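Below is the file target.pdb, which contains PDB, C-alpha atoms and all ligand atoms.
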```pdb
MODEL        1
ATOM      1  CA  MET A 295     113.232 116.630  90.507
ATOM      2  CA  LYS A 296     113.654 119.109  93.307
ATOM      3  CA  PRO A 297     116.839 119.310  95.355
ATOM      4  CA  LEU A 298     117.226 116.991  98.278
ATOM      5  CA  LEU A 299     116.733 119.439 101.083
ATOM      6  CA  ILE A 300     113.475 120.770  99.733
ATOM      7  CA  VAL A 301     112.153 117.272  99.316
ATOM      8  CA  SER A 302     113.184 116.513 102.875
ATOM      9  CA  GLY A 303     111.347 119.606 104.055
ATOM     10  CA  ILE A 304     108.152 118.466 102.436
ATOM     11  CA  LEU A 305     108.421 115.098 104.060
ATOM     12  CA  VAL A 306     108.952 116.587 107.490
ATOM     13  CA  ALA A 307     106.061 118.979 107.052
ATOM     14  CA  SER A 308     103.891 116.133 105.997
ATOM     15  CA  ALA A 309     104.845 114.083 109.028
ATOM     16  CA  VAL A 310     103.962 116.976 111.320
ATOM     17  CA  GLY A 311     100.488 117.192 109.837
ATOM     18  CA  ALA A 312      99.833 113.647 110.898
ATOM     19  CA  GLY A 313      96.568 112.184 109.832
ATOM     20  CA  VAL A 314      95.670 115.059 107.577
ATOM     21  CA  ALA A 315      98.465 115.500 105.146
ATOM     22  CA  ILE A 316      98.549 113.396 102.055
ATOM     23  CA  SER A 317     101.609 111.242 102.162
ATOM     24  CA  PRO A 318     104.309 112.090  99.655
ATOM     25  CA  MET A 319     104.021 108.506  98.484
ATOM     26  CA  LEU A 320     100.729 109.408  96.932
ATOM     27  CA  THR A 321     101.051 109.465  93.211
ATOM     28  CA  SER A 322      98.830 110.780  90.570
ATOM     29  CA  ALA A 323      98.961 108.957  87.298
ATOM     30  CA  LYS A 324     101.831 110.859  85.765
ATOM     31  CA  ALA A 325     103.328 112.641  88.714
ATOM     32  CA  VAL A 326     106.342 110.502  89.369
ATOM     33  CA  ARG A 327     108.242 109.372  86.369
ATOM     34  CA  ASP A 328     111.729 110.452  87.299
ATOM     35  CA  ASP A 329     112.190 108.433  90.434
ATOM     36  CA  GLY A 330     114.362 105.691  89.047
ATOM     37  CA  PRO A 331     117.734 104.966  90.568
ATOM     38  CA  ALA A 332     117.685 107.734  93.173
ATOM     39  CA  THR A 333     114.513 106.542  94.854
ATOM     40  CA  THR A 334     115.642 102.962  94.732
ATOM     41  CA  GLN A 335     118.867 103.920  96.409
ATOM     42  CA  SER A 336     117.210 105.915  99.142
ATOM     43  CA  ILE A 337     114.739 103.226 100.062
ATOM     44  CA  SER A 338     117.482 100.636 100.070
ATOM     45  CA  GLN A 339     119.262 102.738 102.636
ATOM     46  CA  ASN A 340     116.133 102.905 104.666
ATOM     47  CA  ALA A 341     115.752  99.158 104.586
ATOM     48  CA  GLN A 342     119.340  98.559 105.578
ATOM     49  CA  GLY A 343     119.400 101.151 108.285
ATOM     50  CA  GLY A 344     116.080 100.275 109.833
ATOM     51  CA  GLN A 345     114.952 103.489 111.437
ATOM     52  CA  GLY A 346     117.406 105.629 109.462
ATOM     53  CA  LYS A 347     117.494 109.196 110.729
ATOM     54  CA  GLY A 348     117.997 112.505 109.061
ATOM     55  CA  ALA A 349     121.709 112.606 109.739
ATOM     56  CA  GLN A 350     122.221 109.618 107.543
ATOM     57  CA  ALA A 351     120.126 111.074 104.751
ATOM     58  CA  GLU A 352     122.128 114.321 104.812
ATOM     59  CA  ALA A 353     125.411 112.482 104.823
ATOM     60  CA  VAL A 354     124.643 110.704 101.587
ATOM     61  CA  ALA A 355     123.322 113.623  99.557
ATOM     62  CA  PRO A 356     122.279 113.936  96.782
ATOM     63  CA  ALA A 357     119.990 110.952  97.343
ATOM     64  CA  PRO A 358     116.495 112.070  98.367
ATOM     65  CA  ALA A 359     115.376 111.392 101.896
ATOM     66  CA  PRO A 360     113.967 107.944 102.538
ATOM     67  CA  ALA A 361     110.250 107.491 102.531
ATOM     68  CA  PRO A 362     108.950 108.743 105.876
ATOM     69  CA  PRO A 363     107.388 106.428 108.400
ATOM     70  CA  PRO A 364     103.626 106.215 108.056
ATOM     71  CA  VAL A 365     101.935 109.352 109.348
ATOM     72  CA  VAL A 366      98.486 107.867 109.405
ATOM     73  CA  THR A 367      96.506 106.513 112.289
ATOM     74  CA  PRO A 368      94.057 103.914 111.025
ATOM     75  CA  ARG A 369      90.701 103.578 112.711
ATOM     76  CA  LYS A 370      90.406 101.111 115.552
ATOM     77  CA  ASN A 371      88.044  98.151 115.729
ATOM     78  CA  TYR A 372      87.311  98.603 112.081
ATOM     79  CA  THR A 373      87.653  96.716 108.828
ATOM     80  CA  TYR A 374      88.475  98.935 105.872
ATOM     81  CA  LYS A 375      86.688  97.938 102.687
ATOM     82  CA  SER A 376      86.741 101.278 100.894
ATOM     83  CA  PHE A 377      87.443 104.911 101.703
ATOM     84  CA  ASN A 378      85.425 108.094 101.828
ATOM     85  CA  VAL A 379      87.668 110.512  99.966
ATOM     86  CA  ASP A 380      87.450 113.683  97.944
ATOM     87  CA  GLY A 381      88.636 113.035  94.432
ATOM     88  CA  ASN A 382      89.034 109.982  92.284
ATOM     89  CA  TYR A 383      91.513 108.150  94.449
ATOM     90  CA  ILE A 384      91.693 104.398  94.341
ATOM     91  CA  ALA A 385      93.851 101.805  96.083
ATOM     92  CA  LEU A 386      95.109  98.817  94.138
ATOM     93  CA  THR A 387      96.003  95.794  96.265
ATOM     94  CA  PHE A 388      97.730  92.613  95.128
ATOM     95  CA  ASP A 389      97.622  89.438  97.235
ATOM     96  CA  ASP A 390      99.389  86.105  97.655
ATOM     97  CA  GLY A 391     102.853  87.007  96.289
ATOM     98  CA  PRO A 392     105.564  87.860  95.890
ATOM     99  CA  SER A 393     106.155  85.740  92.816
ATOM    100  CA  PRO A 394     109.457  85.832  90.941
ATOM    101  CA  GLU A 395     107.630  85.124  87.668
ATOM    102  CA  THR A 396     104.827  87.652  87.683
ATOM    103  CA  THR A 397     105.455  90.291  90.349
ATOM    104  CA  PRO A 398     108.423  91.944  88.581
ATOM    105  CA  GLN A 399     106.322  92.296  85.429
ATOM    106  CA  LEU A 400     103.610  94.039  87.397
ATOM    107  CA  LEU A 401     106.144  96.292  89.120
ATOM    108  CA  ALA A 402     107.400  97.445  85.724
ATOM    109  CA  MET A 403     103.838  98.267  84.634
ATOM    110  CA  LEU A 404     103.217 100.281  87.790
ATOM    111  CA  LYS A 405     106.544 102.068  87.606
ATOM    112  CA  GLU A 406     106.024 103.062  84.007
ATOM    113  CA  ARG A 407     102.827 104.816  85.027
ATOM    114  CA  GLY A 408     104.042 106.263  88.320
ATOM    115  CA  ILE A 409     101.485 104.231  90.277
ATOM    116  CA  LYS A 410     101.936 103.156  93.892
ATOM    117  CA  ALA A 411     100.013 100.130  95.155
ATOM    118  CA  THR A 412      99.854  97.824  98.164
ATOM    119  CA  PHE A 413     101.043  94.217  98.183
ATOM    120  CA  PHE A 414      99.624  91.777 100.747
ATOM    121  CA  VAL A 415     102.330  89.177 100.845
ATOM    122  CA  LEU A 416     102.445  85.675 102.287
ATOM    123  CA  GLY A 417     105.249  85.002 104.738
ATOM    124  CA  ASN A 418     106.150  81.716 103.086
ATOM    125  CA  MET A 419     106.500  83.474  99.733
ATOM    126  CA  VAL A 420     108.651  86.184 101.322
ATOM    127  CA  ALA A 421     110.913  83.471 102.719
ATOM    128  CA  LYS A 422     111.272  81.928  99.262
ATOM    129  CA  HIS A 423     111.599  85.148  97.289
ATOM    130  CA  PRO A 424     112.966  87.903  99.521
ATOM    131  CA  GLU A 425     114.573  89.625  96.553
ATOM    132  CA  VAL A 426     111.153  90.172  94.987
ATOM    133  CA  LEU A 427     109.813  91.690  98.195
ATOM    134  CA  LYS A 428     112.849  93.958  98.229
ATOM    135  CA  MET A 429     112.006  95.122  94.715
ATOM    136  CA  ILE A 430     108.450  95.954  95.794
ATOM    137  CA  ALA A 431     109.697  97.969  98.762
ATOM    138  CA  ASP A 432     112.434  99.693  96.794
ATOM    139  CA  GLU A 433     109.902 100.939  94.287
ATOM    140  CA  GLY A 434     107.884 102.659  97.001
ATOM    141  CA  HIS A 435     104.887 100.383  97.279
ATOM    142  CA  GLU A 436     103.273  99.552 100.587
ATOM    143  CA  ILE A 437     103.593  96.047 101.973
ATOM    144  CA  GLY A 438     100.925  94.401 104.082
ATOM    145  CA  SER A 439     100.638  90.980 105.702
ATOM    146  CA  HIS A 440      98.476  88.229 104.273
ATOM    147  CA  SER A 441      99.568  85.682 106.941
ATOM    148  CA  TRP A 442     102.279  83.060 106.536
ATOM    149  CA  SER A 443     100.418  80.149 104.950
ATOM    150  CA  HIS A 444      96.950  81.493 104.066
ATOM    151  CA  PRO A 445      94.783  79.766 106.693
ATOM    152  CA  GLN A 446      91.366  80.950 107.734
ATOM    153  CA  LEU A 447      92.454  82.839 110.840
ATOM    154  CA  THR A 448      89.050  82.487 112.498
ATOM    155  CA  ARG A 449      89.452  78.713 112.488
ATOM    156  CA  ILE A 450      92.894  78.251 114.001
ATOM    157  CA  SER A 451      94.112  78.564 117.583
ATOM    158  CA  GLN A 452      95.356  81.839 119.021
ATOM    159  CA  ALA A 453      98.835  80.347 119.208
ATOM    160  CA  ALA A 454      98.633  79.526 115.514
ATOM    161  CA  VAL A 455      97.439  83.063 114.727
ATOM    162  CA  ASP A 456     100.412  84.396 116.684
ATOM    163  CA  LYS A 457     102.761  82.296 114.614
ATOM    164  CA  GLU A 458     101.141  83.151 111.279
ATOM    165  CA  LEU A 459     101.183  86.893 111.879
ATOM    166  CA  GLY A 460     104.280  87.238 114.030
ATOM    167  CA  ASN A 461     106.492  85.305 111.662
ATOM    168  CA  THR A 462     105.167  87.149 108.624
ATOM    169  CA  SER A 463     105.705  90.596 110.154
ATOM    170  CA  GLU A 464     109.205  89.546 111.131
ATOM    171  CA  ALA A 465     110.005  88.193 107.665
ATOM    172  CA  ILE A 466     108.836  91.459 106.108
ATOM    173  CA  PHE A 467     110.887  93.431 108.616
ATOM    174  CA  GLN A 468     114.005  91.419 107.878
ATOM    175  CA  VAL A 469     113.802  92.333 104.200
ATOM    176  CA  THR A 470     112.412  95.867 104.267
ATOM    177  CA  GLY A 471     113.252  97.250 107.705
ATOM    178  CA  LYS A 472     109.580  97.972 108.313
ATOM    179  CA  ARG A 473     106.800  95.971 109.892
ATOM    180  CA  PRO A 474     103.474  95.915 108.082
ATOM    181  CA  MET A 475     100.583  98.093 109.304
ATOM    182  CA  TYR A 476      97.800  96.248 107.517
ATOM    183  CA  LEU A 477      96.530  92.698 107.392
ATOM    184  CA  ARG A 478      94.359  91.245 104.712
ATOM    185  CA  PRO A 479      93.005  88.122 106.365
ATOM    186  CA  PRO A 480      92.911  85.162 103.978
ATOM    187  CA  TYR A 481      89.417  84.791 102.470
ATOM    188  CA  GLY A 482      88.516  88.078 104.175
ATOM    189  CA  SER A 483      87.620  86.002 107.242
ATOM    190  CA  MET A 484      87.653  87.911 110.495
ATOM    191  CA  LYS A 485      85.562  88.401 113.607
ATOM    192  CA  PRO A 486      85.521  91.378 115.955
ATOM    193  CA  THR A 487      87.199  89.696 118.927
ATOM    194  CA  LEU A 488      90.042  88.397 116.817
ATOM    195  CA  ARG A 489      90.370  91.741 115.044
ATOM    196  CA  THR A 490      90.810  93.520 118.373
ATOM    197  CA  TYR A 491      93.384  90.957 119.461
ATOM    198  CA  ILE A 492      95.343  91.330 116.218
ATOM    199  CA  GLU A 493      95.231  95.130 116.360
ATOM    200  CA  GLU A 494      96.521  95.183 119.915
ATOM    201  CA  LYS A 495      99.117  92.445 119.652
ATOM    202  CA  PHE A 496     100.515  93.056 116.172
ATOM    203  CA  GLY A 497      99.470  96.614 115.345
ATOM    204  CA  LEU A 498      97.744  95.357 112.217
ATOM    205  CA  THR A 499      94.630  97.016 110.812
ATOM    206  CA  ILE A 500      92.280  94.771 108.844
ATOM    207  CA  VAL A 501      91.750  95.703 105.196
ATOM    208  CA  ASN A 502      89.375  93.901 102.884
ATOM    209  CA  TRP A 503      88.110  95.252  99.568
ATOM    210  CA  SER A 504      85.235  96.736  97.579
ATOM    211  CA  VAL A 505      86.216  95.613  94.069
ATOM    212  CA  ASP A 506      86.715  91.912  93.406
ATOM    213  CA  PRO A 507      87.304  90.603  89.880
ATOM    214  CA  ASN A 508      87.452  86.999  91.151
ATOM    215  CA  ASP A 509      90.688  86.698  89.236
ATOM    216  CA  TRP A 510      91.603  83.511  91.126
ATOM    217  CA  LYS A 511      88.552  81.889  89.574
ATOM    218  CA  PHE A 512      88.434  83.486  86.153
ATOM    219  CA  ARG A 513      91.909  83.109  84.737
ATOM    220  CA  ASP A 514      90.865  85.346  81.895
ATOM    221  CA  SER A 515      92.372  88.777  81.345
ATOM    222  CA  GLN A 516      89.289  90.135  79.623
ATOM    223  CA  LYS A 517      87.026  89.146  82.526
ATOM    224  CA  VAL A 518      89.435  90.609  85.056
ATOM    225  CA  HIS A 519      89.519  93.844  83.095
ATOM    226  CA  ASP A 520      85.765  94.034  82.675
ATOM    227  CA  ALA A 521      85.037  93.346  86.328
ATOM    228  CA  ILE A 522      87.485  95.906  87.666
ATOM    229  CA  MET A 523      86.355  98.587  85.235
ATOM    230  CA  ALA A 524      82.693  97.926  86.045
ATOM    231  CA  GLN A 525      83.206  98.100  89.827
ATOM    232  CA  ALA A 526      85.832 100.839  90.132
ATOM    233  CA  ALA A 527      84.689 103.900  92.070
ATOM    234  CA  PRO A 528      86.351 106.718  94.001
ATOM    235  CA  GLY A 529      87.707 105.429  97.299
ATOM    236  CA  ALA A 530      87.596 101.811  96.170
ATOM    237  CA  ILE A 531      89.981  99.130  97.319
ATOM    238  CA  VAL A 532      90.644  96.802  94.398
ATOM    239  CA  LEU A 533      91.558  93.202  95.177
ATOM    240  CA  SER A 534      93.536  91.130  92.727
ATOM    241  CA  HIS A 535      96.494  88.759  92.729
ATOM    242  CA  ASP A 536      99.948  89.381  91.332
ATOM    243  CA  ILE A 537     100.621  85.642  91.135
ATOM    244  CA  TYR A 538      98.370  85.004  88.122
ATOM    245  CA  PRO A 539      99.758  85.700  84.649
ATOM    246  CA  THR A 540      96.221  86.418  83.419
ATOM    247  CA  THR A 541      95.776  89.131  86.035
ATOM    248  CA  VAL A 542      99.116  90.752  85.351
ATOM    249  CA  ALA A 543      98.469  90.613  81.605
ATOM    250  CA  ALA A 544      95.206  92.472  82.145
ATOM    251  CA  MET A 545      96.824  95.282  84.098
ATOM    252  CA  PRO A 546      98.262  97.596  81.420
ATOM    253  CA  ARG A 547      94.845  98.091  79.883
ATOM    254  CA  ILE A 548      93.149  98.424  83.269
ATOM    255  CA  LEU A 549      95.681 100.959  84.500
ATOM    256  CA  ASP A 550      95.540 103.007  81.308
ATOM    257  CA  GLU A 551      91.747 103.067  81.291
ATOM    258  CA  LEU A 552      91.574 104.042  84.963
ATOM    259  CA  ILE A 553      94.054 106.844  84.260
ATOM    260  CA  ALA A 554      91.961 107.964  81.292
ATOM    261  CA  LYS A 555      88.923 108.095  83.563
ATOM    262  CA  GLY A 556      90.792 110.423  85.889
ATOM    263  CA  TYR A 557      91.648 108.006  88.665
ATOM    264  CA  LYS A 558      94.637 108.661  90.873
ATOM    265  CA  PHE A 559      96.348 105.923  92.819
ATOM    266  CA  GLY A 560      97.572 105.666  96.370
ATOM    267  CA  THR A 561      98.782 103.149  98.865
ATOM    268  CA  LEU A 562      96.484 102.150 101.697
ATOM    269  CA  SER A 563      98.231 104.583 104.006
ATOM    270  CA  ASP A 564      97.689 107.351 101.458
ATOM    271  CA  LEU A 565      93.956 106.675 101.403
ATOM    272  CA  VAL A 566      93.682 106.112 105.159
ATOM    273  CA  ALA A 567      95.206 109.575 105.569
ATOM    274  CA  MET A 568      92.601 111.054 103.220
ATOM    275  CA  ASP A 569      89.620 109.152 104.608
ATOM    276  CA  LYS A 570      86.942 111.616 105.680
ATOM    277  CA  THR A 571      84.804 109.244 107.706
ATOM    278  CA  PRO A 572      84.818 110.513 111.293
ATOM    279  CA  LYS A 573      86.830 108.165 113.427
ATOM    280  CA  VAL A 574      84.216 108.248 116.156
ATOM    281  CA  GLN A 575      81.475 106.994 113.882
ATOM    282  CA  LEU A 576      80.194 103.654 115.001
ATOM    283  CA  VAL A 577      80.087 101.151 112.231
ATOM    284  CA  ALA A 578      77.588  98.353 112.391
ATOM    285  CA  ALA A 579      79.339  95.156 113.228
ATOM    286  CA  LEU A 580      79.849  93.114 110.124
ATOM    287  CA  PRO A 581      79.718  89.424 110.872
ATOM    288  CA  ASN A 582      83.247  88.116 110.594
ATOM    289  CA  GLY A 583      84.319  91.171 108.617
ATOM    290  CA  LYS A 584      83.166  89.481 105.460
ATOM    291  CA  PRO A 585      83.181  91.391 102.184
ATOM    292  CA  GLN A 586      80.259  93.513 101.140
ATOM    293  CA  GLN A 587      78.668  91.076  98.766
ATOM    294  CA  ALA A 588      78.397  88.515 101.520
ATOM    295  CA  GLN A 589      76.836  91.046 103.894
ATOM    296  CA  GLN A 590      73.950  91.719 101.606
ATOM    297  CA  LYS A 591      72.595  88.229 101.587
ATOM    298  CA  PRO A 592      69.158  88.153 103.167
ATOM    299  CA  GLN A 593      69.023  86.786 106.641
ATOM    300  CA  LYS A 594      67.173  83.618 107.356
ATOM    301  CA  PRO A 595      63.615  84.249 108.433
ATOM    302  CA  LYS A 596      63.146  84.064 112.147
ATOM    303  CA  PRO A 597      61.010  81.379 113.734
ATOM    304  CA  ALA A 598      57.399  82.446 113.959
ATOM    305  CA  SER A 599      57.450  82.587 117.740
ATOM    306  CA  THR A 600      60.259  85.172 117.716
ATOM    307  CA  ALA A 601      58.935  87.117 114.745
ATOM    308  CA  ALA A 602      55.645  87.657 116.514
ATOM    309  CA  LYS A 603      57.252  89.775 119.221
ATOM    310  CA  PRO A 604      56.994  93.437 118.289
ATOM    311  CA  ASP A 605      60.259  94.379 120.016
ATOM    312  CA  ALA A 606      62.257  91.389 118.877
ATOM    313  CA  LYS A 607      65.864  92.328 118.397
ATOM    314  CA  PRO A 608      67.369  91.715 114.994
ATOM    315  CA  ALA A 609      68.934  88.333 114.594
ATOM    316  CA  LYS A 610      72.579  88.317 115.516
ATOM    317  CA  PRO A 611      75.063  85.847 114.183
ATOM    318  CA  ALA A 612      76.009  83.250 116.721
ATOM    319  CA  ALA A 613      79.222  84.073 118.499
ATOM    320  CA  GLY A 614      82.067  82.474 116.664
ATOM    321  CA  ALA A 615      79.867  81.502 113.761
ATOM    322  CA  ALA A 616      81.990  80.018 111.051
ATOM    323  CA  PRO A 617      82.384  82.317 108.073
ATOM    324  CA  GLN A 618      81.210  81.055 104.796
ATOM    325  CA  GLN A 619      84.008  79.305 102.950
ATOM    326  CA  ARG A 620      84.340  80.013  99.289
ATOM    327  CA  ALA A 621      84.939  76.724  97.581
ATOM    328  CA  GLY A 622      88.363  76.945  96.022
ATOM    329  CA  GLY A 623      88.659  80.637  96.850
ATOM    330  CA  VAL A 624      92.146  82.044  96.898
ATOM    331  CA  TYR A 625      91.653  85.496  98.354
TER     332      TYR A 625
HETATM  333 NI    NI A 701      94.917  85.347  99.437
ENDMDL
END
```

Is it possible to give me this structure as structure tokens?
Ligand code: NI
Amino acid sequence: MKPLLIVSGILVASAVGAGVAISPMLTSAKAVRDDGPATTQSISQNAQGGQGKGAQAEAVAPAPAPAPPPVVTPRKNYTYKSFNVDGNYIALTFDDGPSPETTPQLLAMLKERGIKATFFVLGNMVAKHPEVLKMIADEGHEIGSHSWSHPQLTRISQAAVDKELGNTSEAIFQVTGKRPMYLRPPYGSMKPTLRTYIEEKFGLTIVNWSVDPNDWKFRDSQKVHDAIMAQAAPGAIVLSHDIYPTTVAAMPRILDELIAKGYKFGTLSDLVAMDKTPKVQLVAALPNGKPQQAQQKPQKPKPASTAAKPDAKPAKPAAGAAPQQRAGGVY
């Protein structure tokens, strides 16, 4: 490990190159294996001190500087489902925790391989298990919001949305000293007006996924493994859940096979920083921000009277149309 001051210098340089530089949190498969107690200590200081400044970091040498604040600026009015990156980078995301039974096991698997991931936590789970959230933060993973109680945000009042998201961000802040930047809406349910409201009010960017092993449905490690390996691609966002023993049990093999295929792992902020898609590009509105598979379903045929018009506009979903509910889904 390099001396403290040099590490600090890299972090500062990275922060200056906002939006372009790859965050130092980014980890290739074997890059970071010596970040045990020192890193834990430094991030603990960050959490306790809130916006800890350089003076504090220098005063407590030889601990490395705390992880820098995010240097990325996510796209606006946009739902991330994957990234356009050079190289075999992939973002692993784990939802619905933290769980005192399974999350620490997963953290050990990630740490052993020097992998950083993103955890979309539920506020009510944070309230019950703050020490597990602290472990996640201390090990350098990114923490996102998954709401407080997992409702379909498009179906509750604005006041209820405020409570779900505000309380969750606050709970995360109380434990880690940082508010989340990303929201994974339960079930992936979102609509453009609500997305804009959430971005502006809570500073949360919506992140869904491109790889879904349906691990909530198939409590089978082999199926989880097979699905993730079949769907993995550069720039992918992998959805799974750290609350299921079958998912966590599948992870060592998945991680080792992804490493063997040359994949490198980053947090969402790492991949947002690398994303090459021009920020001015207009993205076709996706009804309710639903995941890709749902988008590809054929639209209902139009009534004959409309279809006969040569200039008929494409069918638009009705404003506020209810997103399709997955029976028993636990996204
Ligand atoms: Ni969920």

Residues matched by the PyMOL selection byres (((not hetatm)) within 7 of (chain A and resi 701)), written as number ranges by chain
A: 389-390, 440, 444, 480-481, 624-625

Just checking: using only C-alpha atoms, which residue out of A:Ser563, A:Ser439, A:Ser515, A:Gln468 ends up closest to A:Leu498?
A:Ser439

Which residues come within 7 Å of A:Trp503, counting only C-alpha atoms, excluding same-chain residues fewer than 2 positions away, as a ChimeraX atom specification?
/A:375-376,501,505,531-533,585

Gap from atom CA of A:Ala544 to atom CA of A:Ser504 - Å, one decimal:
18.9 Å

Gap from atom CA of A:Val415 to atom CA of A:His535 - Å, one decimal:
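Between atom CA of A:Val415 and atom CA of A:His535 the gap works out to 10.0 Å.
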
Which residues fall under the PyMOL selection byres (((chain A and resi 467) around 12) and not hetatm) in this file, as a ChimeraX atom specification?
/A:340-345,417,420-421,424,427-428,431,437-439,460-466,468-475

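Of the residues listed (A:Pro392, A:Pro368, A:Thr541, A:Lys570), A:Pro392 shows the shortest atom-to-atom separation from A:Met419; distances use all atoms listed in the file.
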
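Going from atom CA of A:Thr448 to atom CA of A:Tyr374 covers 17.7 Å.
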
The PyMOL selection byres (((chain A and resi 410) around 8) and not hetatm) on the file shown: which residues, as JSON, numbers by chain?
{"A": [319, 320, 321, 404, 405, 408, 409, 411, 412, 434, 435, 436, 559, 560, 561]}

Considering all atoms listed in the file, state which residue in the set A:Ile430, A:Ala524, A:Val455, A:Val518 is at the smallest distance from A:Lys495.
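Using all atoms listed in the file, the shortest distance to A:Lys495 belongs to A:Val455.
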
Looking at all atoms listed in the file, which of A:Ala526, A:Tyr476, A:Arg449, A:Ala567 is the one that sits closest to A:Ile553?
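Looking at the shortest contact to A:Ile553, the residue is A:Ala526.
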
Nearest residue to A:Asn502 out of A:Ala554, A:Leu477, A:Met545, A:Ile522, using all atoms listed in the file?
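Selected residue with least distance to A:Asn502: A:Leu477.
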
Using only C-alpha atoms, which residue out of A:Gly482, A:Leu562, A:Met568, A:Thr397 lies closest to A:Glu425?
A:Thr397

Could stretch 401-407 of chain A be completed with all heavy atoms and written as a PDB file, in the coordinates of the input, please?
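Output file part09.pdb follows:
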```
ATOM      1  N   LEU A 401     105.412  95.124  88.608  1.00  0.00           N
ATOM      2  CA  LEU A 401     106.144  96.292  89.120  1.00  0.00           C
ATOM      3  C   LEU A 401     106.562  97.213  87.978  1.00  0.00           C
ATOM      4  O   LEU A 401     106.494  98.443  88.098  1.00  0.00           O
ATOM      5  CB  LEU A 401     107.371  95.834  89.918  1.00  0.00           C
ATOM      6  CG  LEU A 401     107.068  95.189  91.272  1.00  0.00           C
ATOM      7  CD1 LEU A 401     108.348  94.640  91.896  1.00  0.00           C
ATOM      8  CD2 LEU A 401     106.391  96.174  92.226  1.00  0.00           C
ATOM      9  N   ALA A 402     106.993  96.615  86.866  1.00  0.00           N
ATOM     10  CA  ALA A 402     107.400  97.445  85.724  1.00  0.00           C
ATOM     11  C   ALA A 402     106.209  98.228  85.174  1.00  0.00           C
ATOM     12  O   ALA A 402     106.335  99.406  84.813  1.00  0.00           O
ATOM     13  CB  ALA A 402     108.014  96.556  84.647  1.00  0.00           C
ATOM     14  N   MET A 403     105.054  97.592  85.134  1.00  0.00           N
ATOM     15  CA  MET A 403     103.838  98.267  84.634  1.00  0.00           C
ATOM     16  C   MET A 403     103.461  99.442  85.532  1.00  0.00           C
ATOM     17  O   MET A 403     103.053 100.504  85.064  1.00  0.00           O
ATOM     18  CB  MET A 403     102.678  97.279  84.587  1.00  0.00           C
ATOM     19  CG  MET A 403     102.866  96.152  83.590  1.00  0.00           C
ATOM     20  SD  MET A 403     101.661  94.823  83.921  1.00  0.00           S
ATOM     21  CE  MET A 403     102.180  93.613  82.694  1.00  0.00           C
ATOM     22  N   LEU A 404     103.569  99.219  86.836  1.00  0.00           N
ATOM     23  CA  LEU A 404     103.217 100.281  87.790  1.00  0.00           C
ATOM     24  C   LEU A 404     104.227 101.413  87.714  1.00  0.00           C
ATOM     25  O   LEU A 404     103.865 102.594  87.708  1.00  0.00           O
ATOM     26  CB  LEU A 404     103.154  99.702  89.204  1.00  0.00           C
ATOM     27  CG  LEU A 404     102.076  98.645  89.451  1.00  0.00           C
ATOM     28  CD1 LEU A 404     102.253  97.997  90.829  1.00  0.00           C
ATOM     29  CD2 LEU A 404     100.666  99.238  89.320  1.00  0.00           C
ATOM     30  N   LYS A 405     105.492 101.049  87.635  1.00  0.00           N
ATOM     31  CA  LYS A 405     106.544 102.068  87.606  1.00  0.00           C
ATOM     32  C   LYS A 405     106.433 102.947  86.366  1.00  0.00           C
ATOM     33  O   LYS A 405     106.579 104.167  86.435  1.00  0.00           O
ATOM     34  CB  LYS A 405     107.910 101.380  87.641  1.00  0.00           C
ATOM     35  CG  LYS A 405     109.079 102.339  87.778  1.00  0.00           C
ATOM     36  CD  LYS A 405     110.358 101.550  87.977  1.00  0.00           C
ATOM     37  CE  LYS A 405     111.523 102.477  88.289  1.00  0.00           C
ATOM     38  NZ  LYS A 405     112.752 101.714  88.542  1.00  0.00           N
ATOM     39  N   GLU A 406     106.137 102.319  85.256  1.00  0.00           N
ATOM     40  CA  GLU A 406     106.024 103.062  84.007  1.00  0.00           C
ATOM     41  C   GLU A 406     104.949 104.139  84.098  1.00  0.00           C
ATOM     42  O   GLU A 406     105.031 105.179  83.447  1.00  0.00           O
ATOM     43  CB  GLU A 406     105.680 102.072  82.883  1.00  0.00           C
ATOM     44  CG  GLU A 406     105.685 102.662  81.498  1.00  0.00           C
ATOM     45  CD  GLU A 406     105.191 101.668  80.442  1.00  0.00           C
ATOM     46  OE1 GLU A 406     105.192 100.451  80.728  1.00  0.00           O
ATOM     47  OE2 GLU A 406     104.791 102.115  79.368  1.00  0.00           O
ATOM     48  N   ARG A 407     103.952 103.877  84.911  1.00  0.00           N
ATOM     49  CA  ARG A 407     102.827 104.816  85.027  1.00  0.00           C
ATOM     50  C   ARG A 407     102.869 105.640  86.309  1.00  0.00           C
ATOM     51  O   ARG A 407     101.935 106.381  86.607  1.00  0.00           O
ATOM     52  CB  ARG A 407     101.510 104.036  84.936  1.00  0.00           C
ATOM     53  CG  ARG A 407     101.317 103.391  83.571  1.00  0.00           C
ATOM     54  CD  ARG A 407     100.256 102.313  83.596  1.00  0.00           C
ATOM     55  NE  ARG A 407     100.049 101.761  82.263  1.00  0.00           N
ATOM     56  CZ  ARG A 407     100.818 100.811  81.712  1.00  0.00           C
ATOM     57  NH1 ARG A 407     101.829 100.307  82.394  1.00  0.00           N
ATOM     58  NH2 ARG A 407     100.569 100.374  80.490  1.00  0.00           N
TER      59      ARG A 407
END
```
